[in-house]
file start_36.cif (mmCIF, C-alpha atoms)
data_structure
loop_
_atom_site.label_atom_id
_atom_site.label_comp_id
_atom_site.auth_asym_id
_atom_site.auth_seq_id
_atom_site.Cartn_x
_atom_site.Cartn_y
_atom_site.Cartn_z
CA MET Y 196 -1.64 -68.78 -90.55
CA HIS Y 197 -0.88 -65.15 -91.12
CA SER Y 198 -4.52 -64.14 -90.37
CA PHE Y 199 -4.81 -61.86 -93.36
CA LEU Y 200 -1.72 -59.92 -92.32
CA LYS Y 201 -1.26 -56.82 -94.47
CA LEU Y 202 2.18 -55.91 -95.65
CA HIS Y 203 2.11 -52.23 -96.59
CA PHE Y 204 4.60 -50.88 -98.99
CA ALA Y 205 3.26 -47.40 -99.70
CA LEU Y 206 5.43 -45.82 -102.29
CA LEU Y 207 5.15 -42.65 -104.29
CA PHE Y 208 6.35 -42.38 -107.76
CA LEU Y 209 5.87 -40.56 -110.98
CA VAL Y 210 7.91 -42.35 -113.58
CA ILE Y 211 9.46 -39.87 -115.93
CA GLY Y 212 10.89 -42.25 -118.50
CA ILE Y 213 13.54 -40.92 -120.72
CA SER Y 214 12.56 -43.06 -123.68
CA ALA Y 215 15.83 -42.63 -125.45
CA CYS Y 216 16.54 -44.96 -128.30
CA ALA Y 217 20.24 -45.32 -128.85
CA ASN Y 218 20.15 -43.15 -131.96
CA GLU Y 219 18.51 -40.41 -129.87
CA THR Y 220 20.80 -40.71 -126.86
CA THR Y 221 23.29 -37.87 -126.58
CA GLU Y 222 26.99 -38.61 -126.40
CA ASP Y 223 27.08 -37.14 -122.87
CA LYS Y 224 24.34 -39.54 -121.78
CA LYS Y 225 26.07 -42.47 -123.47
CA SER Y 226 29.22 -41.85 -121.47
CA GLU Y 227 27.23 -42.55 -118.29
CA LEU Y 228 26.02 -45.93 -119.50
CA PRO Y 229 27.79 -49.20 -118.69
CA GLU Y 230 29.85 -50.64 -121.51
CA SER Y 231 27.26 -53.36 -122.08
CA ALA Y 232 24.62 -50.73 -122.93
CA LYS Y 233 26.51 -48.17 -124.99
CA ASN Y 234 26.03 -49.82 -128.38
CA LEU Y 235 22.49 -51.10 -127.89
CA THR Y 236 19.75 -49.98 -130.25
CA ASN Y 237 16.24 -49.18 -129.00
CA LEU Y 238 17.56 -48.47 -125.52
CA THR Y 239 15.18 -46.79 -123.08
CA VAL Y 240 17.05 -45.01 -120.29
CA TYR Y 241 15.01 -44.13 -117.22
CA PRO Y 242 16.05 -41.58 -114.58
CA GLU Y 243 17.96 -42.56 -111.46
CA ASP Y 244 15.86 -43.06 -108.30
CA PRO Y 245 12.45 -42.82 -109.99
CA GLU Y 246 9.32 -42.57 -107.89
CA PRO Y 247 6.55 -45.14 -108.26
CA GLU Y 248 3.23 -44.46 -109.90
CA TYR Y 249 1.36 -46.83 -107.56
CA GLU Y 250 1.42 -47.86 -103.97
CA ILE Y 251 1.51 -51.62 -103.62
CA GLU Y 252 -0.13 -53.63 -100.90
CA LEU Y 253 0.58 -57.34 -100.54
CA ILE Y 254 -2.12 -58.98 -98.46
CA ALA Y 255 -1.31 -62.41 -97.02
CA GLU Y 256 -4.53 -64.32 -97.63
CA GLN Y 257 -3.81 -68.01 -97.22
CA ASP Y 258 -1.16 -70.47 -96.11
CA PHE Y 259 -0.56 -73.86 -97.73
CA GLY Y 260 1.13 -76.62 -95.74
CA GLY Y 261 2.45 -76.12 -92.25
CA SER Y 262 0.23 -78.75 -90.61
CA ASP Y 263 1.32 -81.94 -88.88
CA SER Y 264 -0.17 -84.05 -91.66
CA ILE Y 265 1.22 -82.04 -94.61
CA TYR Y 266 4.99 -81.69 -94.56
CA ILE Y 267 6.75 -79.90 -97.42
CA SER Y 268 10.45 -80.68 -97.36
CA TYR Y 269 11.67 -78.48 -100.19
CA VAL Y 270 9.81 -76.22 -102.62
CA SER Y 271 11.22 -76.60 -106.12
CA ASP Y 272 8.27 -74.86 -107.81
CA ILE Y 273 4.81 -73.38 -107.14
CA ILE Y 274 2.02 -72.90 -109.64
CA SER Y 275 -1.73 -72.21 -109.58
CA ASP Y 276 -4.38 -73.22 -112.09
CA GLU Y 277 -7.40 -71.34 -113.42
CA GLU Y 278 -9.41 -72.42 -110.35
CA ASN Y 279 -6.68 -70.95 -108.10
CA ARG Y 280 -5.80 -74.38 -106.78
CA VAL Y 281 -2.22 -74.27 -105.58
CA ILE Y 282 0.20 -76.96 -106.79
CA ILE Y 283 3.52 -77.31 -104.98
CA ALA Y 284 6.42 -79.47 -106.12
CA ASP Y 285 8.31 -81.01 -103.21
CA GLY Y 286 11.63 -81.69 -104.89
CA ALA Y 287 13.51 -83.09 -101.89
CA ARG Y 288 15.73 -86.00 -102.87
CA GLY Y 289 14.13 -89.26 -101.81
CA LYS Y 290 10.83 -87.53 -100.95
CA CYS Y 291 9.66 -86.18 -104.30
CA LYS Y 292 5.94 -85.64 -104.70
CA ILE Y 293 3.41 -82.98 -105.69
CA HIS Y 294 0.97 -81.42 -103.22
CA VAL Y 295 -2.34 -80.03 -104.49
CA PHE Y 296 -4.34 -77.59 -102.32
CA ASN Y 297 -7.77 -76.05 -102.74
CA PRO Y 298 -7.89 -72.22 -102.84
CA ASP Y 299 -8.99 -72.14 -99.18
CA GLY Y 300 -5.83 -73.96 -98.08
CA SER Y 301 -7.45 -77.35 -97.54
CA TYR Y 302 -5.49 -80.31 -98.85
CA LEU Y 303 -6.82 -81.91 -102.01
CA ARG Y 304 -4.39 -84.68 -102.84
CA THR Y 305 -0.87 -85.90 -103.57
CA VAL Y 306 0.25 -86.53 -107.13
CA GLY Y 307 3.08 -89.00 -107.82
CA ARG Y 308 5.77 -90.16 -105.47
CA ASN Y 309 9.49 -90.74 -105.31
CA GLY Y 310 10.71 -93.34 -107.79
CA ARG Y 311 11.57 -94.07 -111.40
CA GLY Y 312 8.31 -95.60 -112.57
CA PRO Y 313 5.57 -93.92 -114.61
CA GLY Y 314 4.36 -90.77 -112.88
CA GLU Y 315 7.17 -90.91 -110.31
CA PHE Y 316 9.98 -88.44 -109.69
CA ILE Y 317 13.58 -88.27 -108.57
CA ALA Y 318 14.25 -84.52 -108.82
CA ILE Y 319 11.36 -82.22 -109.76
CA LYS Y 320 12.54 -78.94 -111.24
CA ASN Y 321 9.58 -77.16 -112.88
CA LEU Y 322 5.79 -77.23 -113.13
CA PHE Y 323 3.84 -75.94 -116.15
CA ILE Y 324 0.12 -75.71 -116.95
CA LEU Y 325 -1.42 -75.65 -120.43
CA ASN Y 326 -4.76 -76.78 -121.84
CA ASN Y 327 -5.94 -78.30 -118.54
CA LYS Y 328 -2.76 -80.34 -118.25
CA LEU Y 329 0.00 -80.29 -115.63
CA PHE Y 330 3.55 -80.75 -116.97
CA VAL Y 331 6.15 -81.91 -114.42
CA LEU Y 332 9.81 -81.69 -115.39
CA ASP Y 333 12.24 -84.11 -113.75
CA HIS Y 334 15.72 -83.03 -114.81
CA HIS Y 335 17.37 -86.08 -113.23
CA LEU Y 336 15.21 -88.58 -115.13
CA LYS Y 337 15.25 -86.25 -118.18
CA ARG Y 338 11.55 -86.48 -118.77
CA ILE Y 339 8.29 -84.57 -118.45
CA SER Y 340 5.28 -86.30 -116.91
CA VAL Y 341 1.94 -84.94 -118.14
CA PHE Y 342 -1.11 -85.19 -115.84
CA SER Y 343 -4.77 -84.28 -116.32
CA LEU Y 344 -5.79 -81.33 -114.15
CA SER Y 345 -9.28 -82.81 -113.95
CA SER Y 346 -8.39 -86.28 -112.68
CA PHE Y 347 -4.63 -85.95 -112.04
CA GLU Y 348 -4.15 -89.20 -113.95
CA LEU Y 349 -0.91 -89.64 -115.89
CA LEU Y 350 -1.56 -88.90 -119.57
CA ASP Y 351 1.88 -88.99 -121.15
CA THR Y 352 5.62 -89.16 -120.53
CA ILE Y 353 7.99 -87.10 -122.69
CA ASN Y 354 11.67 -88.05 -122.96
CA THR Y 355 13.54 -84.71 -122.93
CA HIS Y 356 16.85 -86.16 -124.12
CA PRO Y 357 16.07 -88.71 -126.85
CA ASN Y 358 18.78 -90.38 -128.90
CA TYR Y 359 18.35 -88.13 -131.93
CA LEU Y 360 19.38 -85.10 -129.84
CA LYS Y 361 22.49 -86.87 -128.55
CA GLN Y 362 23.56 -87.43 -132.15
CA MET Y 363 23.28 -83.75 -133.12
CA GLU Y 364 26.63 -81.97 -133.44
CA ASP Y 365 25.65 -78.91 -131.38
CA LEU Y 366 23.79 -80.85 -128.69
CA GLY Y 367 25.54 -84.20 -128.40
CA SER Y 368 27.38 -83.38 -125.16
CA ALA Y 369 24.75 -81.02 -123.72
CA SER Y 370 21.73 -81.76 -121.54
CA PRO Y 371 18.38 -79.93 -121.43
CA LEU Y 372 18.42 -77.90 -118.21
CA ASP Y 373 16.11 -74.90 -118.67
CA PHE Y 374 12.49 -75.19 -119.82
CA HIS Y 375 9.77 -72.65 -120.61
CA LEU Y 376 6.29 -73.67 -121.82
CA ARG Y 377 4.67 -71.09 -124.09
CA ASP Y 378 1.00 -70.42 -124.76
CA ASP Y 379 1.36 -71.83 -128.27
CA GLY Y 380 2.11 -75.25 -126.76
CA ASN Y 381 5.77 -75.19 -127.72
CA PHE Y 382 8.73 -75.36 -125.35
CA LEU Y 383 11.75 -73.07 -125.24
CA VAL Y 384 14.56 -75.34 -124.03
CA GLY Y 385 18.07 -74.44 -122.95
CA PHE Y 386 20.91 -76.97 -123.37
CA ALA Y 387 24.14 -76.74 -121.38
CA ASP Y 388 27.28 -78.83 -121.08
CA GLN Y 389 28.24 -80.50 -117.82
CA ILE Y 390 30.31 -78.29 -115.53
CA LEU Y 391 33.84 -79.63 -115.13
CA ILE Y 392 35.99 -78.77 -112.12
CA GLN Y 393 39.08 -77.34 -113.74
CA GLU Y 394 41.09 -74.17 -113.46
CA ASN Y 395 40.64 -72.99 -117.04
CA ASP Y 396 37.01 -71.98 -117.50
CA ILE Y 397 35.84 -73.45 -120.81
CA ARG Y 398 32.11 -73.45 -120.06
CA LYS Y 399 29.87 -72.58 -122.98
CA ASP Y 400 26.70 -70.54 -123.21
CA THR Y 401 23.35 -72.25 -122.68
CA LYS Y 402 21.79 -72.71 -126.14
CA TYR Y 403 18.04 -72.36 -126.66
CA PHE Y 404 15.85 -74.16 -129.19
CA ILE Y 405 12.10 -74.46 -129.75
CA PHE Y 406 10.42 -77.87 -129.41
CA ASN Y 407 6.82 -78.78 -130.18
CA ASN Y 408 4.67 -80.84 -127.82
CA GLU Y 409 5.77 -84.03 -129.59
CA TRP Y 410 9.28 -83.09 -128.48
CA GLU Y 411 10.52 -82.51 -132.01
CA ILE Y 412 13.05 -79.72 -132.45
CA ILE Y 413 11.49 -77.12 -134.76
CA SER Y 414 14.08 -74.34 -134.83
CA GLU Y 415 17.72 -73.57 -135.16
CA GLN Y 416 19.37 -72.09 -132.08
CA ILE Y 417 17.44 -68.88 -131.38
CA PHE Y 418 19.02 -67.58 -128.17
CA SER Y 419 21.92 -68.09 -125.80
CA ARG Y 420 22.80 -66.98 -122.29
CA PRO Y 421 26.23 -66.92 -120.63
CA PRO Y 422 27.03 -69.15 -117.65
CA HIS Y 423 27.07 -67.85 -114.08
CA GLN Y 424 30.37 -66.73 -112.63
CA TYR Y 425 32.30 -69.39 -110.70
CA TYR Y 426 35.46 -69.33 -108.63
CA TYR Y 427 37.96 -72.17 -108.97
CA SER Y 428 40.03 -73.03 -105.90
CA ASN Y 429 42.45 -75.79 -104.98
CA VAL Y 430 43.13 -75.09 -101.32
CA GLY Y 431 44.46 -78.16 -99.49
CA ASN Y 432 44.55 -80.07 -102.78
CA ARG Y 433 40.73 -79.95 -102.92
CA PRO Y 434 39.74 -78.60 -106.34
CA SER Y 435 36.29 -77.01 -106.37
CA LEU Y 436 34.07 -74.59 -108.24
CA ARG Y 437 32.11 -72.23 -106.02
CA THR Y 438 29.50 -69.58 -106.59
CA TYR Y 439 29.35 -66.61 -104.26
CA SER Y 440 26.47 -64.25 -103.62
CA PHE Y 441 28.43 -61.27 -104.96
CA MET Y 442 29.13 -62.90 -108.32
CA ASN Y 443 27.29 -62.04 -111.50
CA GLN Y 444 24.73 -64.35 -113.01
CA SER Y 445 22.68 -64.65 -116.15
CA LEU Y 446 18.98 -64.02 -115.43
CA MET Y 447 16.15 -64.88 -117.78
CA ASP Y 448 12.40 -65.38 -117.89
CA VAL Y 449 9.90 -65.92 -120.67
CA ALA Y 450 6.46 -64.35 -121.03
CA ALA Y 451 3.51 -66.57 -121.89
CA ASP Y 452 3.63 -65.47 -125.53
CA GLY Y 453 7.30 -66.47 -125.76
CA THR Y 454 8.91 -63.02 -125.44
CA ILE Y 455 12.32 -63.42 -123.75
CA PHE Y 456 13.56 -61.06 -121.01
CA SER Y 457 17.18 -61.38 -119.94
CA ALA Y 458 19.78 -59.58 -117.84
CA TRP Y 459 23.36 -59.88 -116.63
CA SER Y 460 23.06 -59.12 -112.92
CA GLU Y 461 25.92 -56.61 -112.79
CA ASP Y 462 23.72 -53.75 -114.05
CA PHE Y 463 20.03 -52.86 -114.10
CA LEU Y 464 19.88 -53.56 -117.82
CA ILE Y 465 17.14 -55.78 -119.24
CA LYS Y 466 17.14 -56.97 -122.85
CA VAL Y 467 13.96 -58.01 -124.65
CA HIS Y 468 13.87 -60.56 -127.50
CA ASP Y 469 10.90 -61.76 -129.54
CA THR Y 470 9.59 -65.33 -129.69
CA ASN Y 471 12.28 -66.27 -132.23
CA GLY Y 472 15.12 -64.80 -130.18
CA ASN Y 473 15.47 -61.62 -132.26
CA TYR Y 474 16.61 -58.59 -130.27
CA LEU Y 475 13.88 -55.95 -129.85
CA ARG Y 476 14.87 -53.39 -127.23
CA SER Y 477 16.51 -52.77 -123.85
CA ILE Y 478 15.57 -51.13 -120.55
CA TYR Y 479 18.17 -49.40 -118.37
CA TYR Y 480 18.00 -47.79 -114.93
CA PRO Y 481 21.02 -46.01 -113.41
CA PHE Y 482 21.55 -47.74 -110.07
CA ASN Y 483 23.04 -46.88 -106.69
CA TYR Y 484 25.26 -49.92 -106.15
CA SER Y 485 25.88 -51.23 -102.63
CA ARG Y 486 29.50 -51.35 -101.51
CA LEU Y 487 30.76 -54.86 -100.65
CA ASN Y 488 32.53 -55.72 -97.39
CA LYS Y 489 34.48 -58.93 -97.99
CA ASP Y 490 34.48 -59.76 -94.26
CA ASP Y 491 30.72 -60.31 -94.52
CA ILE Y 492 31.41 -63.17 -96.93
CA ILE Y 493 34.43 -64.57 -95.14
CA ASN Y 494 32.64 -64.66 -91.77
CA LYS Y 495 29.15 -65.59 -92.96
CA HIS Y 496 29.29 -69.17 -91.60
CA ASP Y 497 30.64 -68.30 -88.13
CA GLU Y 498 27.27 -68.74 -86.42
CA TYR Y 499 25.90 -71.53 -88.62
CA LEU Y 500 29.06 -73.64 -88.21
CA GLU Y 501 29.89 -72.59 -84.66
CA ASN Y 502 30.06 -76.25 -83.60
CA SER Y 503 32.34 -77.13 -86.49
CA PRO Y 504 35.61 -75.19 -86.22
CA GLU Y 505 37.11 -77.32 -88.98
CA GLY Y 506 34.23 -76.44 -91.28
CA ILE Y 507 34.70 -72.73 -90.60
CA LYS Y 508 38.43 -73.06 -91.28
CA ARG Y 509 37.84 -74.84 -94.60
CA TRP Y 510 35.43 -72.14 -95.71
CA LYS Y 511 37.70 -69.27 -94.71
CA ASP Y 512 40.78 -70.86 -96.26
CA VAL Y 513 39.04 -70.65 -99.62
CA ALA Y 514 37.10 -67.41 -99.10
CA GLN Y 515 40.25 -65.51 -98.19
CA THR Y 516 41.80 -66.33 -101.57
CA VAL Y 517 38.97 -64.72 -103.58
CA ASP Y 518 39.46 -61.47 -105.46
CA TYR Y 519 36.43 -59.50 -104.22
CA PRO Y 520 34.77 -56.70 -106.20
CA ASP Y 521 34.16 -53.28 -104.70
CA PHE Y 522 30.39 -53.41 -105.19
CA TRP Y 523 27.51 -55.86 -105.20
CA PRO Y 524 25.73 -56.58 -108.49
CA ALA Y 525 22.52 -54.63 -109.10
CA ILE Y 526 20.09 -57.53 -109.57
CA GLN Y 527 19.35 -60.73 -107.68
CA ASN Y 528 16.29 -62.03 -109.52
CA LEU Y 529 14.10 -61.44 -112.58
CA ILE Y 530 10.51 -62.69 -112.96
CA VAL Y 531 7.90 -62.03 -115.67
CA ASP Y 532 4.31 -62.54 -114.52
CA ASP Y 533 1.24 -63.56 -116.51
CA LYS Y 534 0.43 -59.89 -117.21
CA ASP Y 535 3.90 -59.34 -118.69
CA ARG Y 536 4.99 -57.18 -115.76
CA ILE Y 537 8.67 -57.45 -114.92
CA TRP Y 538 9.58 -58.06 -111.25
CA VAL Y 539 13.21 -57.30 -110.43
CA ALA Y 540 14.88 -57.97 -107.06
CA THR Y 541 17.69 -55.48 -106.48
CA LYS Y 542 20.51 -55.57 -103.93
CA THR Y 543 20.73 -52.64 -101.52
CA ASP Y 544 22.74 -51.99 -98.36
CA SER Y 545 20.39 -54.27 -96.43
CA LYS Y 546 21.67 -57.76 -95.61
CA THR Y 547 18.21 -59.16 -94.87
CA GLU Y 548 16.01 -57.72 -97.63
CA PHE Y 549 15.92 -57.23 -101.37
CA GLU Y 550 14.18 -54.23 -102.88
CA TRP Y 551 11.78 -55.41 -105.58
CA TRP Y 552 10.88 -53.20 -108.52
CA VAL Y 553 7.70 -53.89 -110.50
CA LEU Y 554 7.92 -52.64 -114.09
CA ASN Y 555 5.40 -52.69 -116.90
CA ASN Y 556 6.22 -54.41 -120.18
CA GLN Y 557 8.05 -51.34 -121.48
CA GLY Y 558 10.10 -50.91 -118.31
CA LYS Y 559 8.16 -48.10 -116.64
CA LEU Y 560 8.31 -48.34 -112.85
CA LEU Y 561 4.99 -49.31 -111.27
CA ALA Y 562 5.91 -50.07 -107.65
CA LYS Y 563 8.64 -50.90 -105.19
CA PHE Y 564 8.60 -53.01 -102.03
CA ASN Y 565 11.08 -54.66 -99.68
CA TRP Y 566 11.03 -58.41 -99.17
CA PRO Y 567 13.14 -60.76 -97.01
CA GLY Y 568 16.24 -62.05 -98.73
CA GLU Y 569 19.76 -63.00 -97.62
CA LYS Y 570 22.13 -60.90 -99.71
CA VAL Y 571 25.25 -62.37 -98.12
CA SER Y 572 24.16 -65.99 -97.74
CA GLN Y 573 22.03 -66.64 -100.82
CA ASN Y 574 24.31 -67.84 -103.59
CA ILE Y 575 23.53 -67.24 -107.23
CA GLY Y 576 21.75 -69.64 -109.54
CA ASN Y 577 19.25 -70.90 -106.95
CA GLY Y 578 16.20 -70.15 -109.05
CA LYS Y 579 13.14 -68.07 -108.27
CA THR Y 580 11.61 -67.73 -104.83
CA MET Y 581 8.35 -66.18 -106.07
CA LYS Y 582 5.59 -66.98 -108.55
CA ILE Y 583 3.08 -64.35 -109.72
CA ARG Y 584 -0.15 -65.49 -111.36
CA ASN Y 585 -3.84 -64.52 -111.50
CA GLY Y 586 -3.28 -61.41 -109.40
CA TYR Y 587 -1.51 -63.26 -106.59
CA LEU Y 588 2.06 -63.62 -105.44
CA TYR Y 589 3.15 -67.00 -104.07
CA THR Y 590 6.27 -67.55 -102.03
CA TYR Y 591 7.46 -69.65 -99.11
CA ILE Y 592 9.40 -69.46 -95.87
CA PHE Y 593 11.56 -71.94 -94.01
CA GLN Y 594 10.14 -72.98 -90.63
CA GLU Y 595 12.98 -73.60 -88.23
CA GLU Y 596 10.91 -75.55 -85.69
CA ASP Y 597 10.49 -78.56 -88.00
CA ALA Y 598 12.59 -77.61 -91.05
CA SER Y 599 9.52 -77.58 -93.30
CA ARG Y 600 8.39 -75.00 -95.86
CA LEU Y 601 5.24 -72.93 -95.63
CA VAL Y 602 3.78 -71.46 -98.82
CA THR Y 603 1.69 -68.28 -98.64
CA ARG Y 604 -0.56 -66.60 -101.20
CA TYR Y 605 -0.59 -62.79 -101.25
CA LEU Y 606 -3.17 -60.68 -103.04
CA ILE Y 607 -1.45 -57.99 -105.13
CA ASP Y 608 -3.17 -54.61 -104.76
CA LEU Y 609 -1.81 -51.78 -106.91
CA THR Y 610 -3.47 -48.43 -106.21
CA PRO Y 611 -2.74 -45.39 -108.39
CA LYS Y 612 -1.40 -42.38 -106.49
#

call {"tool": "encode", "arguments": {"input": "start_36.cif", "output": "structure tokens"}}
result
Amino acid sequence: MHSFLKLHFALLFLVIGISACANETTEDKKSELPESAKNLTNLTVYPEDPEPEYEIELIAEQDFGGSDSIYISYVSDIISDEENRVIIADGARGKCKIHVFNPDGSYLRTVGRNGRGPGEFIAIKNLFILNNKLFVLDHHLKRISVFSLSSFELLDTINTHPNYLKQMEDLGSASPLDFHLRDDGNFLVGFADQILIQENDIRKDTKYFIFNNEWEIISEQIFSRPPHQYYYSNVGNRPSLRTYSFMNQSLMDVAADGTIFSAWSEDFLIKVHDTNGNYLRSIYYPFNYSRLNKDDIINKHDEYLENSPEGIKRWKDVAQTVDYPDFWPAIQNLIVDDKDRIWVATKTDSKTEFEWWVLNNQGKLLAKFNWPGEKVSQNIGNGKTMKIRNGYLYTYIFQEEDASRLVTRYLIDLTPK
């Protein structure tokens, strides 16, 4: 256990927001904006290199897992309930289950197991909590299992891809892949087509619709997000689609009330949409982009695959054909917590850390801190590595000694300067 280790990130800042709606932004200022921001209405432009208003202290309070009897193979999601019990989805193929811990780290129970029967899982993707119920999304089985948080008994099973959806013109070939449960009991669901390995990129945007808790579609398409960047290669007559850590990705999270926050990772530009997908406003920070060294990518597997010269050669044969950009994207991750604060992981010159920015709902900078993250090795589209709820931050680390995961709860302490 971390023995109440304190991670100090003392940061000064006085956010001087230039709240400049687009119709108030001067032409000189507009010329400094990225193309994606120049025609936006209700755009708030903040100054470059702002200083925080708070110092943030993350206090490691409790570990979950890490014992000989409790082995977590792979963390696909973490959530906590109103009692601060910690619920961890182990989404490892062939080992799927849910671990439930008491707030003091003691083990409470296991929920479900690997399998295809009622209350069983093949590939857990997300956990949700609403009205004293635990919703478990299995994207492989295309269903949501609903459990009581009082007894952890299975209450219901929801088919997320029923026949009537397959017969709809816009959704017939798409599968539900992205889910957000809102406080009103409705789901915001993103549908995407299967990715085909082919040279011409014909992938479509992910389309979002609202479903009620009876899994009836109750809206037209309200939102869409573009697909992540991919690179097609056919080296050695082996066609493949690859994502690289320097590529741009579509980032999105949804507040409890259904407000949608989205970004394209290239710039520090966050767009805000209401519960029906209508555009409201945008937040922009000028950003000091980190210059990219392509050799870092080409050589990134040299140590990991040192006993596999053929594996290194295969990687480099492809990596050397890529057209590399001059700079890294601005953003790695975007999370909205239960207080509607926006947590943004940015890419700096560091290879081993991301710099996280904590913003309020309007985009004003509250705090900054550094956190471990592999800029070169972590590919895009791998989901979120943090959950923030009830004043705590939850994340996990990989333990090399036994290849397990250890989840830790950190108390978030924001102190005004």

call {"tool": "resolve_selection", "arguments": {"input": "start_36.cif", "expression": "the PyMOL selection byres ((chain Y and resi 558-565) around 6)", "output": "number ranges by chain"}}
result
Y: 204, 247-249, 478, 549-557, 566

call {"tool": "residues_around", "arguments": {"input": "start_36.cif", "residues": "Phe316 in chain Y", "least_positions_apart": "3", "cutoff": "12 Å", "atoms": "only C-alpha atoms", "output": "PDB file with C-alpha atoms, in the coordinates of the input"}}
result
ATOM      1  CA  ALA Y 284       6.420 -79.470-106.120  1.00  0.00           C
ATOM      2  CA  ASP Y 285       8.310 -81.010-103.210  1.00  0.00           C
ATOM      3  CA  GLY Y 286      11.630 -81.690-104.890  1.00  0.00           C
ATOM      4  CA  ALA Y 287      13.510 -83.090-101.890  1.00  0.00           C
ATOM      5  CA  ARG Y 288      15.730 -86.000-102.870  1.00  0.00           C
ATOM      6  CA  GLY Y 289      14.130 -89.260-101.810  1.00  0.00           C
ATOM      7  CA  LYS Y 290      10.830 -87.530-100.950  1.00  0.00           C
ATOM      8  CA  CYS Y 291       9.660 -86.180-104.300  1.00  0.00           C
ATOM      9  CA  LYS Y 292       5.940 -85.640-104.700  1.00  0.00           C
ATOM     10  CA  ILE Y 293       3.410 -82.980-105.690  1.00  0.00           C
ATOM     11  CA  VAL Y 306       0.250 -86.530-107.130  1.00  0.00           C
ATOM     12  CA  GLY Y 307       3.080 -89.000-107.820  1.00  0.00           C
ATOM     13  CA  ARG Y 308       5.770 -90.160-105.470  1.00  0.00           C
ATOM     14  CA  ASN Y 309       9.490 -90.740-105.310  1.00  0.00           C
ATOM     15  CA  GLY Y 310      10.710 -93.340-107.790  1.00  0.00           C
ATOM     16  CA  ARG Y 311      11.570 -94.070-111.400  1.00  0.00           C
ATOM     17  CA  GLY Y 312       8.310 -95.600-112.570  1.00  0.00           C
ATOM     18  CA  PRO Y 313       5.570 -93.920-114.610  1.00  0.00           C
ATOM     19  CA  ILE Y 319      11.360 -82.220-109.760  1.00  0.00           C
ATOM     20  CA  LYS Y 320      12.540 -78.940-111.240  1.00  0.00           C
ATOM     21  CA  ASN Y 321       9.580 -77.160-112.880  1.00  0.00           C
ATOM     22  CA  VAL Y 331       6.150 -81.910-114.420  1.00  0.00           C
ATOM     23  CA  LEU Y 332       9.810 -81.690-115.390  1.00  0.00           C
ATOM     24  CA  ASP Y 333      12.240 -84.110-113.750  1.00  0.00           C
ATOM     25  CA  HIS Y 334      15.720 -83.030-114.810  1.00  0.00           C
ATOM     26  CA  HIS Y 335      17.370 -86.080-113.230  1.00  0.00           C
ATOM     27  CA  LEU Y 336      15.210 -88.580-115.130  1.00  0.00           C
ATOM     28  CA  LYS Y 337      15.250 -86.250-118.180  1.00  0.00           C
ATOM     29  CA  ARG Y 338      11.550 -86.480-118.770  1.00  0.00           C
ATOM     30  CA  ILE Y 339       8.290 -84.570-118.450  1.00  0.00           C
ATOM     31  CA  SER Y 340       5.280 -86.300-116.910  1.00  0.00           C
ATOM     32  CA  THR Y 352       5.620 -89.160-120.530  1.00  0.00           C
TER      33      THR Y 352
END

call {"tool": "closest_residue", "arguments": {"input": "start_36.cif", "among": "Y:Asp518, Y:Pro298, Y:Lys570, Y:Ile465", "to": "Glu256 in chain Y", "atoms": "all atoms listed in the file"}}
result
Y:Pro298

call {"tool": "resolve_selection", "arguments": {"input": "start_36.cif", "expression": "the PyMOL selection byres ((chain Y and resi 439) around 12)", "output": "PyMOL selection string"}}
result
chain Y and resi 423-427+436-438+440-444+489+491-493+495+510+513-514+517-520+523-524+570-577

call {"tool": "atom_distance", "arguments": {"input": "start_36.cif", "atom1": "CA of Lys361 in chain Y", "atom2": "CA of Phe406 in chain Y"}}
result
15.1 Å

call {"tool": "atom_distance", "arguments": {"input": "start_36.cif", "atom1": "CA of Arg280 in chain Y", "atom2": "CA of Pro567 in chain Y"}}
result
25.3 Å
